[in-house]
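Visitor: Pasting query-v9.cif here (mmCIF, C-alpha atoms):
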data_final
loop_
_atom_site.group_PDB
_atom_site.id
_atom_site.type_symbol
_atom_site.label_atom_id
_atom_site.label_comp_id
_atom_site.auth_asym_id
_atom_site.auth_seq_id
_atom_site.Cartn_x
_atom_site.Cartn_y
_atom_site.Cartn_z
ATOM 1 C CA MET A 270 -154.307 -207.841 -102.361
ATOM 2 C CA GLU A 271 -153.944 -204.088 -102.495
ATOM 3 C CA THR A 272 -152.238 -203.804 -99.120
ATOM 4 C CA LYS A 273 -149.528 -206.113 -100.355
ATOM 5 C CA ASP A 274 -148.684 -203.588 -103.049
ATOM 6 C CA TYR A 275 -148.490 -200.772 -100.520
ATOM 7 C CA LEU A 276 -146.121 -202.806 -98.355
ATOM 8 C CA LYS A 277 -143.935 -203.366 -101.377
ATOM 9 C CA ASP A 278 -144.016 -199.632 -102.099
ATOM 10 C CA ILE A 279 -142.710 -198.873 -98.622
ATOM 11 C CA ARG A 280 -140.021 -201.516 -98.949
ATOM 12 C CA ASP A 281 -138.956 -200.059 -102.303
ATOM 13 C CA ILE A 282 -138.783 -196.576 -100.804
ATOM 14 C CA LYS A 283 -136.609 -197.754 -97.904
ATOM 15 C CA GLU A 284 -134.325 -199.704 -100.191
ATOM 16 C CA MET A 285 -133.886 -196.797 -102.602
ATOM 17 C CA MET A 286 -133.134 -194.379 -99.781
ATOM 18 C CA ALA A 287 -130.517 -196.713 -98.311
ATOM 19 C CA GLN A 288 -128.981 -197.661 -101.636
ATOM 20 C CA SER A 289 -128.617 -194.094 -102.834
ATOM 21 C CA THR A 290 -126.818 -192.946 -99.689
ATOM 22 C CA GLN A 291 -124.792 -195.980 -98.649
ATOM 23 C CA PHE A 292 -122.001 -197.745 -100.431
ATOM 24 C CA ILE A 293 -122.929 -201.394 -100.026
ATOM 25 C CA SER A 294 -120.133 -202.963 -102.032
ATOM 26 C CA LEU A 295 -117.484 -202.419 -99.365
ATOM 27 C CA SER A 296 -115.813 -205.783 -98.997
ATOM 28 C CA GLY A 297 -115.486 -207.282 -95.510
ATOM 29 C CA LEU A 298 -112.820 -209.629 -96.798
ATOM 30 C CA SER A 299 -110.606 -206.675 -97.669
ATOM 31 C CA GLY A 300 -110.823 -205.584 -94.015
ATOM 32 C CA ILE A 301 -109.582 -209.000 -92.932
ATOM 33 C CA MET A 302 -106.719 -208.795 -95.423
ATOM 34 C CA ALA A 303 -105.785 -205.276 -94.259
ATOM 35 C CA GLY A 304 -105.589 -206.651 -90.720
ATOM 36 C CA PHE A 305 -103.191 -209.376 -91.794
ATOM 37 C CA TYR A 306 -101.003 -206.897 -93.672
ATOM 38 C CA ALA A 307 -100.829 -204.765 -90.520
ATOM 39 C CA LEU A 308 -99.822 -207.790 -88.423
ATOM 40 C CA ILE A 309 -97.101 -208.724 -90.914
ATOM 41 C CA GLY A 310 -95.923 -205.101 -90.858
ATOM 42 C CA ALA A 311 -95.850 -205.094 -87.055
ATOM 43 C CA TYR A 312 -93.825 -208.300 -87.099
ATOM 44 C CA LEU A 313 -91.302 -206.809 -89.541
ATOM 45 C CA ALA A 314 -91.061 -203.638 -87.449
ATOM 46 C CA ASP A 315 -90.484 -205.720 -84.344
ATOM 47 C CA ARG A 316 -87.653 -207.514 -86.144
ATOM 48 C CA ILE A 317 -85.772 -204.367 -87.091
ATOM 49 C CA LEU A 318 -86.324 -202.559 -83.796
ATOM 50 C CA PRO A 319 -83.655 -203.124 -81.130
ATOM 51 C CA ALA A 320 -84.379 -205.959 -78.745
ATOM 52 C CA ASN A 321 -84.800 -203.804 -75.637
ATOM 53 C CA GLY A 322 -88.555 -203.486 -75.734
ATOM 54 C CA SER A 323 -90.804 -202.819 -78.688
ATOM 55 C CA ARG A 324 -90.606 -199.084 -78.396
ATOM 56 C CA TYR A 325 -89.506 -196.837 -81.197
ATOM 57 C CA ASP A 326 -88.334 -193.963 -79.096
ATOM 58 C CA GLU A 327 -85.324 -191.781 -79.424
ATOM 59 C CA ILE A 328 -84.752 -191.692 -75.678
ATOM 60 C CA ALA A 329 -84.074 -195.406 -75.721
ATOM 61 C CA LEU A 330 -82.030 -195.228 -78.910
ATOM 62 C CA PRO A 331 -78.887 -193.426 -79.937
ATOM 63 C CA ALA A 332 -79.695 -190.606 -82.359
ATOM 64 C CA ALA A 333 -77.975 -192.376 -85.247
ATOM 65 C CA ASP A 334 -80.154 -195.452 -84.731
ATOM 66 C CA ALA A 335 -83.341 -193.407 -84.757
ATOM 67 C CA ARG A 336 -82.381 -191.850 -88.088
ATOM 68 C CA THR A 337 -81.527 -195.134 -89.749
ATOM 69 C CA LEU A 338 -84.728 -196.740 -88.483
ATOM 70 C CA THR A 339 -87.100 -194.017 -89.652
ATOM 71 C CA ALA A 340 -86.865 -194.847 -93.346
ATOM 72 C CA PRO A 341 -87.511 -198.617 -93.061
ATOM 73 C CA LEU A 342 -90.409 -198.063 -90.661
ATOM 74 C CA ILE A 343 -92.039 -195.522 -92.962
ATOM 75 C CA GLY A 344 -91.427 -197.983 -95.797
ATOM 76 C CA ILE A 345 -93.263 -200.734 -93.911
ATOM 77 C CA ALA A 346 -96.148 -198.367 -93.127
ATOM 78 C CA LEU A 347 -96.455 -197.288 -96.767
ATOM 79 C CA GLY A 348 -96.330 -200.933 -97.836
ATOM 80 C CA ILE A 349 -99.228 -201.812 -95.522
ATOM 81 C CA ILE A 350 -101.274 -198.852 -96.778
ATOM 82 C CA ALA A 351 -100.593 -199.578 -100.458
ATOM 83 C CA LEU A 352 -101.427 -203.286 -100.144
ATOM 84 C CA SER A 353 -104.597 -202.546 -98.149
ATOM 85 C CA VAL A 354 -105.836 -199.935 -100.607
ATOM 86 C CA VAL A 355 -105.181 -202.152 -103.640
ATOM 87 C CA THR A 356 -106.848 -205.155 -101.949
ATOM 88 C CA GLY A 357 -109.822 -203.064 -100.857
ATOM 89 C CA PHE A 358 -110.200 -201.696 -104.344
ATOM 90 C CA LEU A 359 -110.006 -205.089 -106.072
ATOM 91 C CA LEU A 360 -112.287 -206.972 -103.664
ATOM 92 C CA SER A 361 -114.881 -204.177 -103.476
ATOM 93 C CA SER A 362 -114.896 -203.881 -107.235
ATOM 94 C CA ALA A 363 -115.494 -207.642 -107.509
ATOM 95 C CA LYS A 364 -118.313 -207.383 -104.969
ATOM 96 C CA ALA A 365 -119.866 -204.441 -106.825
ATOM 97 C CA LYS A 366 -119.771 -206.451 -110.036
ATOM 98 C CA ARG A 367 -121.496 -209.381 -108.321
ATOM 99 C CA GLN A 368 -124.199 -207.028 -107.062
ATOM 100 C CA GLY A 369 -124.574 -205.450 -110.480
ATOM 101 C CA ASN A 370 -123.443 -202.025 -109.265
ATOM 102 C CA SER A 371 -120.578 -199.880 -110.398
ATOM 103 C CA LEU A 372 -117.683 -199.337 -108.005
ATOM 104 C CA TRP A 373 -117.270 -195.649 -108.708
ATOM 105 C CA ASN A 374 -120.627 -194.021 -108.054
ATOM 106 C CA SER A 375 -121.868 -191.130 -105.970
ATOM 107 C CA THR A 376 -121.928 -193.169 -102.743
ATOM 108 C CA SER A 377 -118.401 -194.533 -103.081
ATOM 109 C CA LYS A 378 -117.157 -191.052 -103.966
ATOM 110 C CA ARG A 379 -118.695 -189.634 -100.796
ATOM 111 C CA LEU A 380 -117.276 -192.537 -98.810
ATOM 112 C CA VAL A 381 -113.739 -191.999 -100.084
ATOM 113 C CA ILE A 382 -113.841 -188.212 -99.650
ATOM 114 C CA ASN A 383 -115.181 -188.341 -96.107
ATOM 115 C CA PHE A 384 -112.778 -191.106 -95.146
ATOM 116 C CA SER A 385 -109.809 -189.217 -96.576
ATOM 117 C CA ILE A 386 -110.313 -185.886 -94.844
ATOM 118 C CA PRO A 387 -109.427 -186.951 -91.258
ATOM 119 C CA LEU A 388 -106.977 -189.511 -92.593
ATOM 120 C CA ILE A 389 -104.908 -187.018 -94.576
ATOM 121 C CA ALA A 390 -104.859 -184.628 -91.605
ATOM 122 C CA GLY A 391 -103.694 -187.524 -89.404
ATOM 123 C CA GLY A 392 -101.063 -188.599 -91.915
ATOM 124 C CA ILE A 393 -99.591 -185.105 -92.106
ATOM 125 C CA PHE A 394 -99.742 -184.865 -88.318
ATOM 126 C CA GLY A 395 -97.807 -188.143 -88.105
ATOM 127 C CA LEU A 396 -95.116 -186.923 -90.499
ATOM 128 C CA LEU A 397 -94.757 -183.685 -88.512
ATOM 129 C CA LEU A 398 -94.401 -185.722 -85.328
ATOM 130 C CA ILE A 399 -91.548 -187.670 -86.947
ATOM 131 C CA ASP A 400 -89.955 -184.389 -87.960
ATOM 132 C CA LYS A 401 -90.286 -183.041 -84.413
ATOM 133 C CA LYS A 402 -89.120 -186.383 -82.963
ATOM 134 C CA TYR A 403 -92.257 -187.060 -80.912
ATOM 135 C CA TYR A 404 -91.987 -190.704 -81.891
ATOM 136 C CA GLU A 405 -93.992 -192.085 -78.994
ATOM 137 C CA LEU A 406 -97.106 -190.216 -80.120
ATOM 138 C CA ILE A 407 -97.174 -191.478 -83.706
ATOM 139 C CA VAL A 408 -99.055 -194.747 -83.171
ATOM 140 C CA PRO A 409 -101.679 -193.199 -80.833
ATOM 141 C CA ILE A 410 -102.280 -190.316 -83.238
ATOM 142 C CA LEU A 411 -102.614 -192.612 -86.238
ATOM 143 C CA LEU A 412 -105.103 -194.801 -84.352
ATOM 144 C CA ILE A 413 -107.189 -191.807 -83.266
ATOM 145 C CA PHE A 414 -107.250 -190.149 -86.686
ATOM 146 C CA TYR A 415 -107.932 -193.433 -88.486
ATOM 147 C CA GLY A 416 -110.759 -194.040 -86.026
ATOM 148 C CA MET A 417 -112.202 -190.593 -86.764
ATOM 149 C CA ALA A 418 -111.935 -191.297 -90.495
ATOM 150 C CA CYS A 419 -113.956 -194.504 -89.997
ATOM 151 C CA VAL A 420 -116.609 -192.765 -87.899
ATOM 152 C CA ASN A 421 -116.864 -189.996 -90.477
ATOM 153 C CA ALA A 422 -117.106 -192.408 -93.404
ATOM 154 C CA SER A 423 -119.563 -194.738 -91.673
ATOM 155 C CA LYS A 424 -122.495 -192.493 -92.587
ATOM 156 C CA PHE A 425 -121.975 -193.550 -96.172
ATOM 157 C CA THR A 426 -121.575 -197.283 -95.720
ATOM 158 C CA PHE A 427 -122.268 -200.065 -93.202
ATOM 159 C CA ARG A 428 -122.841 -199.156 -89.546
ATOM 160 C CA ASP A 429 -120.113 -201.576 -88.478
ATOM 161 C CA VAL A 430 -117.459 -199.171 -89.739
ATOM 162 C CA ARG A 431 -118.642 -196.724 -87.070
ATOM 163 C CA TYR A 432 -117.953 -199.229 -84.285
ATOM 164 C CA LEU A 433 -114.566 -200.056 -85.779
ATOM 165 C CA GLY A 434 -113.779 -196.326 -85.683
ATOM 166 C CA LEU A 435 -114.901 -195.916 -82.075
ATOM 167 C CA THR A 436 -112.854 -198.951 -81.005
ATOM 168 C CA LEU A 437 -109.760 -197.577 -82.714
ATOM 169 C CA MET A 438 -110.189 -194.168 -81.083
ATOM 170 C CA VAL A 439 -110.397 -195.762 -77.623
ATOM 171 C CA LEU A 440 -107.270 -197.803 -78.429
ATOM 172 C CA GLY A 441 -105.514 -194.620 -79.561
ATOM 173 C CA LEU A 442 -106.300 -192.922 -76.257
ATOM 174 C CA LEU A 443 -105.142 -195.990 -74.318
ATOM 175 C CA ALA A 444 -101.956 -196.031 -76.380
ATOM 176 C CA THR A 445 -101.367 -192.412 -75.380
ATOM 177 C CA ALA A 446 -101.740 -193.332 -71.723
ATOM 178 C CA PHE A 447 -99.465 -196.373 -72.002
ATOM 179 C CA THR A 448 -96.771 -195.251 -74.433
ATOM 180 C CA ASN A 449 -94.491 -198.218 -73.893
ATOM 181 C CA HIS A 450 -96.597 -200.610 -75.929
ATOM 182 C CA ASP A 451 -96.823 -198.939 -79.339
ATOM 183 C CA LEU A 452 -96.397 -202.078 -81.414
ATOM 184 C CA LEU A 453 -98.907 -203.937 -79.286
ATOM 185 C CA PHE A 454 -101.555 -201.237 -79.734
ATOM 186 C CA PHE A 455 -100.689 -201.005 -83.429
ATOM 187 C CA SER A 456 -101.221 -204.764 -83.804
ATOM 188 C CA ILE A 457 -104.477 -204.784 -81.852
ATOM 189 C CA GLY A 458 -105.872 -201.699 -83.610
ATOM 190 C CA PHE A 459 -104.818 -202.043 -87.209
ATOM 191 C CA GLY A 460 -104.398 -205.827 -87.118
ATOM 192 C CA LEU A 461 -106.882 -207.518 -84.821
ATOM 193 C CA CYS A 462 -109.704 -204.942 -85.061
ATOM 194 C CA HIS A 463 -109.614 -204.997 -88.857
ATOM 195 C CA ILE A 464 -109.736 -208.769 -88.862
ATOM 196 C CA VAL A 465 -112.602 -208.963 -86.336
ATOM 197 C CA TYR A 466 -114.752 -206.231 -87.881
ATOM 198 C CA GLY A 467 -113.853 -207.398 -91.388
ATOM 199 C CA ALA A 468 -114.998 -210.906 -90.490
ATOM 200 C CA VAL A 469 -118.253 -209.592 -88.993
ATOM 201 C CA MET A 470 -118.919 -207.614 -92.172
ATOM 202 C CA TYR A 471 -117.914 -210.545 -94.337
ATOM 203 C CA PHE A 472 -120.432 -212.866 -92.736
ATOM 204 C CA LYS A 473 -123.137 -210.216 -92.506
ATOM 205 C CA TYR A 474 -122.949 -208.814 -96.036
ATOM 206 C CA ASP A 475 -120.418 -210.491 -98.344
ATOM 207 C CA SER A 476 -121.792 -213.989 -98.308
ATOM 208 C CA LYS A 477 -125.225 -212.769 -99.388
ATOM 209 C CA MET B 11 -160.919 -194.606 -94.920
ATOM 210 C CA LYS B 12 -161.929 -192.337 -97.750
ATOM 211 C CA ASN B 13 -159.750 -189.606 -96.322
ATOM 212 C CA ILE B 14 -156.674 -191.794 -96.336
ATOM 213 C CA ILE B 15 -157.097 -192.869 -99.913
ATOM 214 C CA GLN B 16 -157.273 -189.228 -100.932
ATOM 215 C CA ASN B 17 -153.743 -188.780 -99.623
ATOM 216 C CA ILE B 18 -152.413 -191.580 -101.792
ATOM 217 C CA ASN B 19 -150.796 -189.524 -104.476
ATOM 218 C CA LYS B 20 -151.399 -190.669 -108.035
ATOM 219 C CA ALA B 21 -148.178 -188.979 -109.123
ATOM 220 C CA PHE B 22 -146.199 -191.460 -107.026
ATOM 221 C CA ASP B 23 -148.232 -194.449 -108.080
ATOM 222 C CA HIS B 24 -145.494 -195.927 -110.224
ATOM 223 C CA ARG B 25 -142.331 -197.782 -109.342
ATOM 224 C CA ILE B 26 -139.986 -195.436 -111.216
ATOM 225 C CA ARG B 27 -141.536 -192.197 -109.957
ATOM 226 C CA LEU B 28 -141.565 -193.615 -106.442
ATOM 227 C CA GLY B 29 -137.886 -194.487 -106.847
ATOM 228 C CA ILE B 30 -136.900 -191.065 -108.164
ATOM 229 C CA MET B 31 -138.606 -189.348 -105.219
ATOM 230 C CA SER B 32 -137.085 -191.769 -102.672
ATOM 231 C CA VAL B 33 -133.584 -191.032 -103.904
ATOM 232 C CA LEU B 34 -134.149 -187.266 -104.003
ATOM 233 C CA MET B 35 -135.611 -187.207 -100.486
ATOM 234 C CA VAL B 36 -132.298 -188.321 -98.977
ATOM 235 C CA ASN B 37 -129.870 -186.711 -101.424
ATOM 236 C CA GLU B 38 -129.356 -183.030 -102.145
ATOM 237 C CA SER B 39 -129.423 -183.883 -105.820
ATOM 238 C CA ALA B 40 -128.843 -186.795 -108.159
ATOM 239 C CA ASP B 41 -127.677 -186.788 -111.743
ATOM 240 C CA PHE B 42 -129.158 -188.685 -114.656
ATOM 241 C CA ASN B 43 -126.689 -191.578 -114.660
ATOM 242 C CA THR B 44 -126.875 -192.105 -110.894
ATOM 243 C CA LEU B 45 -130.652 -192.366 -111.041
ATOM 244 C CA LYS B 46 -130.506 -194.590 -114.084
ATOM 245 C CA GLU B 47 -128.175 -197.024 -112.341
ATOM 246 C CA LEU B 48 -130.051 -197.007 -109.031
ATOM 247 C CA LEU B 49 -133.431 -197.580 -110.613
ATOM 248 C CA GLY B 50 -132.272 -199.827 -113.422
ATOM 249 C CA VAL B 51 -134.302 -198.079 -116.100
ATOM 250 C CA THR B 52 -133.763 -196.955 -119.669
ATOM 251 C CA ASP B 53 -132.945 -193.373 -120.660
ATOM 252 C CA GLY B 54 -136.359 -192.803 -122.176
ATOM 253 C CA ASN B 55 -138.229 -194.192 -119.196
ATOM 254 C CA LEU B 56 -136.318 -192.052 -116.736
ATOM 255 C CA ALA B 57 -136.773 -188.955 -118.884
ATOM 256 C CA SER B 58 -140.530 -189.343 -119.243
ATOM 257 C CA HIS B 59 -141.158 -190.148 -115.574
ATOM 258 C CA SER B 60 -138.976 -187.310 -114.356
ATOM 259 C CA LYS B 61 -140.811 -184.951 -116.684
ATOM 260 C CA ALA B 62 -144.101 -186.086 -115.175
ATOM 261 C CA LEU B 63 -142.811 -185.254 -111.698
ATOM 262 C CA GLU B 64 -141.494 -181.918 -112.918
ATOM 263 C CA ALA B 65 -144.909 -181.092 -114.355
ATOM 264 C CA GLU B 66 -146.346 -181.539 -110.845
ATOM 265 C CA HIS B 67 -143.605 -179.201 -109.530
ATOM 266 C CA TYR B 68 -142.341 -182.008 -107.304
ATOM 267 C CA ILE B 69 -138.820 -181.990 -108.732
ATOM 268 C CA GLN B 70 -136.596 -179.545 -110.549
ATOM 269 C CA ILE B 71 -134.571 -180.591 -113.551
ATOM 270 C CA GLU B 72 -131.362 -178.630 -113.974
ATOM 271 C CA LYS B 73 -129.350 -178.958 -117.141
ATOM 272 C CA GLN B 74 -125.762 -177.825 -117.102
ATOM 273 C CA PHE B 75 -122.397 -178.588 -118.630
ATOM 274 C CA ILE B 76 -119.515 -180.219 -116.804
ATOM 275 C CA GLY B 77 -116.646 -179.454 -119.147
ATOM 276 C CA LYS B 78 -118.114 -180.320 -122.518
ATOM 277 C CA LYS B 79 -120.443 -183.019 -121.227
ATOM 278 C CA PRO B 80 -124.079 -182.175 -120.697
ATOM 279 C CA ASN B 81 -125.216 -183.104 -117.217
ATOM 280 C CA THR B 82 -128.780 -183.298 -115.947
ATOM 281 C CA ARG B 83 -129.357 -182.885 -112.242
ATOM 282 C CA TYR B 84 -132.561 -183.610 -110.354
ATOM 283 C CA VAL B 85 -133.574 -181.889 -107.128
ATOM 284 C CA ALA B 86 -136.722 -182.396 -105.059
ATOM 285 C CA THR B 87 -138.700 -179.209 -104.416
ATOM 286 C CA GLN B 88 -140.191 -178.256 -101.030
ATOM 287 C CA GLU B 89 -143.592 -179.037 -102.490
ATOM 288 C CA GLY B 90 -142.409 -182.440 -103.672
ATOM 289 C CA ARG B 91 -140.914 -183.311 -100.299
ATOM 290 C CA LYS B 92 -144.126 -182.439 -98.540
ATOM 291 C CA ALA B 93 -146.268 -184.378 -100.988
ATOM 292 C CA PHE B 94 -144.035 -187.425 -100.726
ATOM 293 C CA GLN B 95 -144.100 -187.269 -96.934
ATOM 294 C CA LEU B 96 -147.903 -187.248 -97.013
ATOM 295 C CA HIS B 97 -147.865 -190.121 -99.475
ATOM 296 C CA ILE B 98 -145.682 -192.242 -97.174
ATOM 297 C CA GLU B 99 -147.873 -191.443 -94.180
ATOM 298 C CA ALA B 100 -150.952 -192.453 -96.152
ATOM 299 C CA LEU B 101 -149.284 -195.724 -97.156
ATOM 300 C CA GLU B 102 -148.404 -196.447 -93.533
ATOM 301 C CA LYS B 103 -151.949 -195.796 -92.362
ATOM 302 C CA LEU B 104 -153.378 -198.022 -95.047
ATOM 303 C CA ILE B 105 -151.140 -200.872 -93.971
ATOM 304 C CA GLN B 106 -152.028 -200.399 -90.318
ATOM 305 C CA LYS B 107 -155.727 -200.403 -91.112
ATOM 306 C CA SER B 108 -155.664 -203.765 -92.798
#
Have the structure of the file written as structure tokens, please.

Guide:
Amino acid sequence: METKDYLKDIRDIKEMMAQSTQFISLSGLSGIMAGFYALIGAYLADRILPANGSRYDEIALPAADARTLTAPLIGIALGIIALSVVTGFLLSSAKAKRQGNSLWNSTSKRLVINFSIPLIAGGIFGLLLIDKKYYELIVPILLIFYGMACVNASKFTFRDVRYLGLTLMVLGLLATAFTNHDLLFFSIGFGLCHIVYGAVMYFKYDSK
Amino acid sequence: MKNIIQNINKAFDHRIRLGIMSVLMVNESADFNTLKELLGVTDGNLASHSKALEAEHYIQIEKQFIGKKPNTRYVATQEGRKAFQLHIEALEKLIQKS
């Protein structure tokens, strides 16, 4: 009878340690949605890019074209980010409510801060690349920095986010090696990977 | 057997005190509201159990102001960490024995 209590003690200790360091309300469904937004964005970008290959590259485009395309492409990117953030916020907040936790606590704060640090650096890097006209490096850089953000943030939430990050970093390096397929790598990385890992997390944690 | 039971620390022999120590082992510090939410306890309960741990010198209670709001922070002491470690080891041994 007594040993049962001790086992429960150990279980309580483990649970408290995990709960106080990991944000467990992160919604897998919001990952799936973010993936779909990215795919829609990639489709829209493909539509406005000239038909000769899916490469946004000044060498292949007249200078005037590159300038007129920059604004809509940045617009699409911002749209994807805004929709993903809002969806992630709403779905995670609903999940937190279901679990009886608050959305904004010390673990979610740490998650957001540690996710943002590499991401902001990557975002600024991307904008500087646009300014310097290194267009072919933008997608690889965004994939690599986003991957690093996921790896960095994974310490404060589910392990799966770490594998998502590593996958994205590998894709970013591949995209650097094969620069002619930016939209393809964008779709696989931000679209497909989000959907796959989001689905894994959804079935592992959300349905509980 | 007798030896093992001696290592079971009476100070941790309560769900709330066990919870407070667990959280503080893996976090630099935790404030009052964080602990309250994690453990699901009332203000009074948390206050009295944390005071008991402070009396044993296992945790430090730091009161400060963030803006105009009073904020209470809890930190595990070296002594507390060591005692809790021993407590966990004793629990593990007891389970293995049975």

Visitor: Extract, using all atoms listed in the file, all DNA, RNA and protein residues at most 9 Å from Asp281 of chain A, discarding same-chain residues fewer than 4 positions from it, and format them as a PyMOL selection string.

Guide: (chain A and resi 276-277+285-286) or (chain B and resi 25+28-29+32)

Visitor: Please evaluate the PyMOL selection byres ((chain B) within 12 of (chain A)) against the displayed coordinates and give the resulting residues as a PyMOL selection string.

Guide: chain B and resi 15+18+22-50+94-95+97-108

Visitor: With the PyMOL selection byres ((chain A and resi 438-449) around 12) as the selection, what would be picked from this file? Answer as a ChimeraX atom specification, please.

Guide: /A:321-326,328-329,403-420,431-437,450-459,461-462

Visitor: What does the structure give for the distance between atom CA of Ile349 of chain A and atom CA of Phe384 of chain A, in Å to one decimal?

Guide: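 Atom CA of Phe384 of chain A lies at a distance of 17.3 Å from atom CA of Ile349 of chain A.
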
Visitor: If you measure from atom CA of Thr52 of chain B to atom CA of Gly90 of chain B, what distance in Å do you get, rounded to one decimal?

Guide: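 Distance reported for this atom pair: 23.3 Å.
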
Visitor: Starting from the shown file, work through the PyMOL selection byres ((chain A and resi 311) around 9) and note down what comes out as an mmCIF file with C-alpha atoms, in the frame of the given file.

Guide:
data_model
loop_
_atom_site.group_PDB
_atom_site.id
_atom_site.type_symbol
_atom_site.label_atom_id
_atom_site.label_comp_id
_atom_site.auth_asym_id
_atom_site.auth_seq_id
_atom_site.Cartn_x
_atom_site.Cartn_y
_atom_site.Cartn_z
ATOM 1 C CA TYR A 306 -101.003 -206.897 -93.672
ATOM 2 C CA ALA A 307 -100.829 -204.765 -90.520
ATOM 3 C CA LEU A 308 -99.822 -207.790 -88.423
ATOM 4 C CA ILE A 309 -97.101 -208.724 -90.914
ATOM 5 C CA GLY A 310 -95.923 -205.101 -90.858
ATOM 6 C CA TYR A 312 -93.825 -208.300 -87.099
ATOM 7 C CA LEU A 313 -91.302 -206.809 -89.541
ATOM 8 C CA ALA A 314 -91.061 -203.638 -87.449
ATOM 9 C CA ASP A 315 -90.484 -205.720 -84.344
ATOM 10 C CA ARG A 316 -87.653 -207.514 -86.144
ATOM 11 C CA ILE A 345 -93.263 -200.734 -93.911
ATOM 12 C CA LEU A 452 -96.397 -202.078 -81.414
ATOM 13 C CA LEU A 453 -98.907 -203.937 -79.286
ATOM 14 C CA PHE A 455 -100.689 -201.005 -83.429
ATOM 15 C CA SER A 456 -101.221 -204.764 -83.804
ATOM 16 C CA GLY A 460 -104.398 -205.827 -87.118
#

Visitor: Return as AutoDock Vina command-line options the box centre and box size in Å, one decimal, for an axis-aligned box around all listed atoms of segment 79-88 of chain B padded by 5 Å per side.

Guide:
--center_x -130.3 --center_y -180.9 --center_z -111.1 --size_x 29.7 --size_y 15.4 --size_z 30.2

Visitor: Would you mind reading off the distance between atom CA of Val430 of chain A and atom CA of Arg367 of chain A, one decimal, in Å?

Guide: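 Between atom CA of Val430 of chain A and atom CA of Arg367 of chain A the gap is 21.6 Å.
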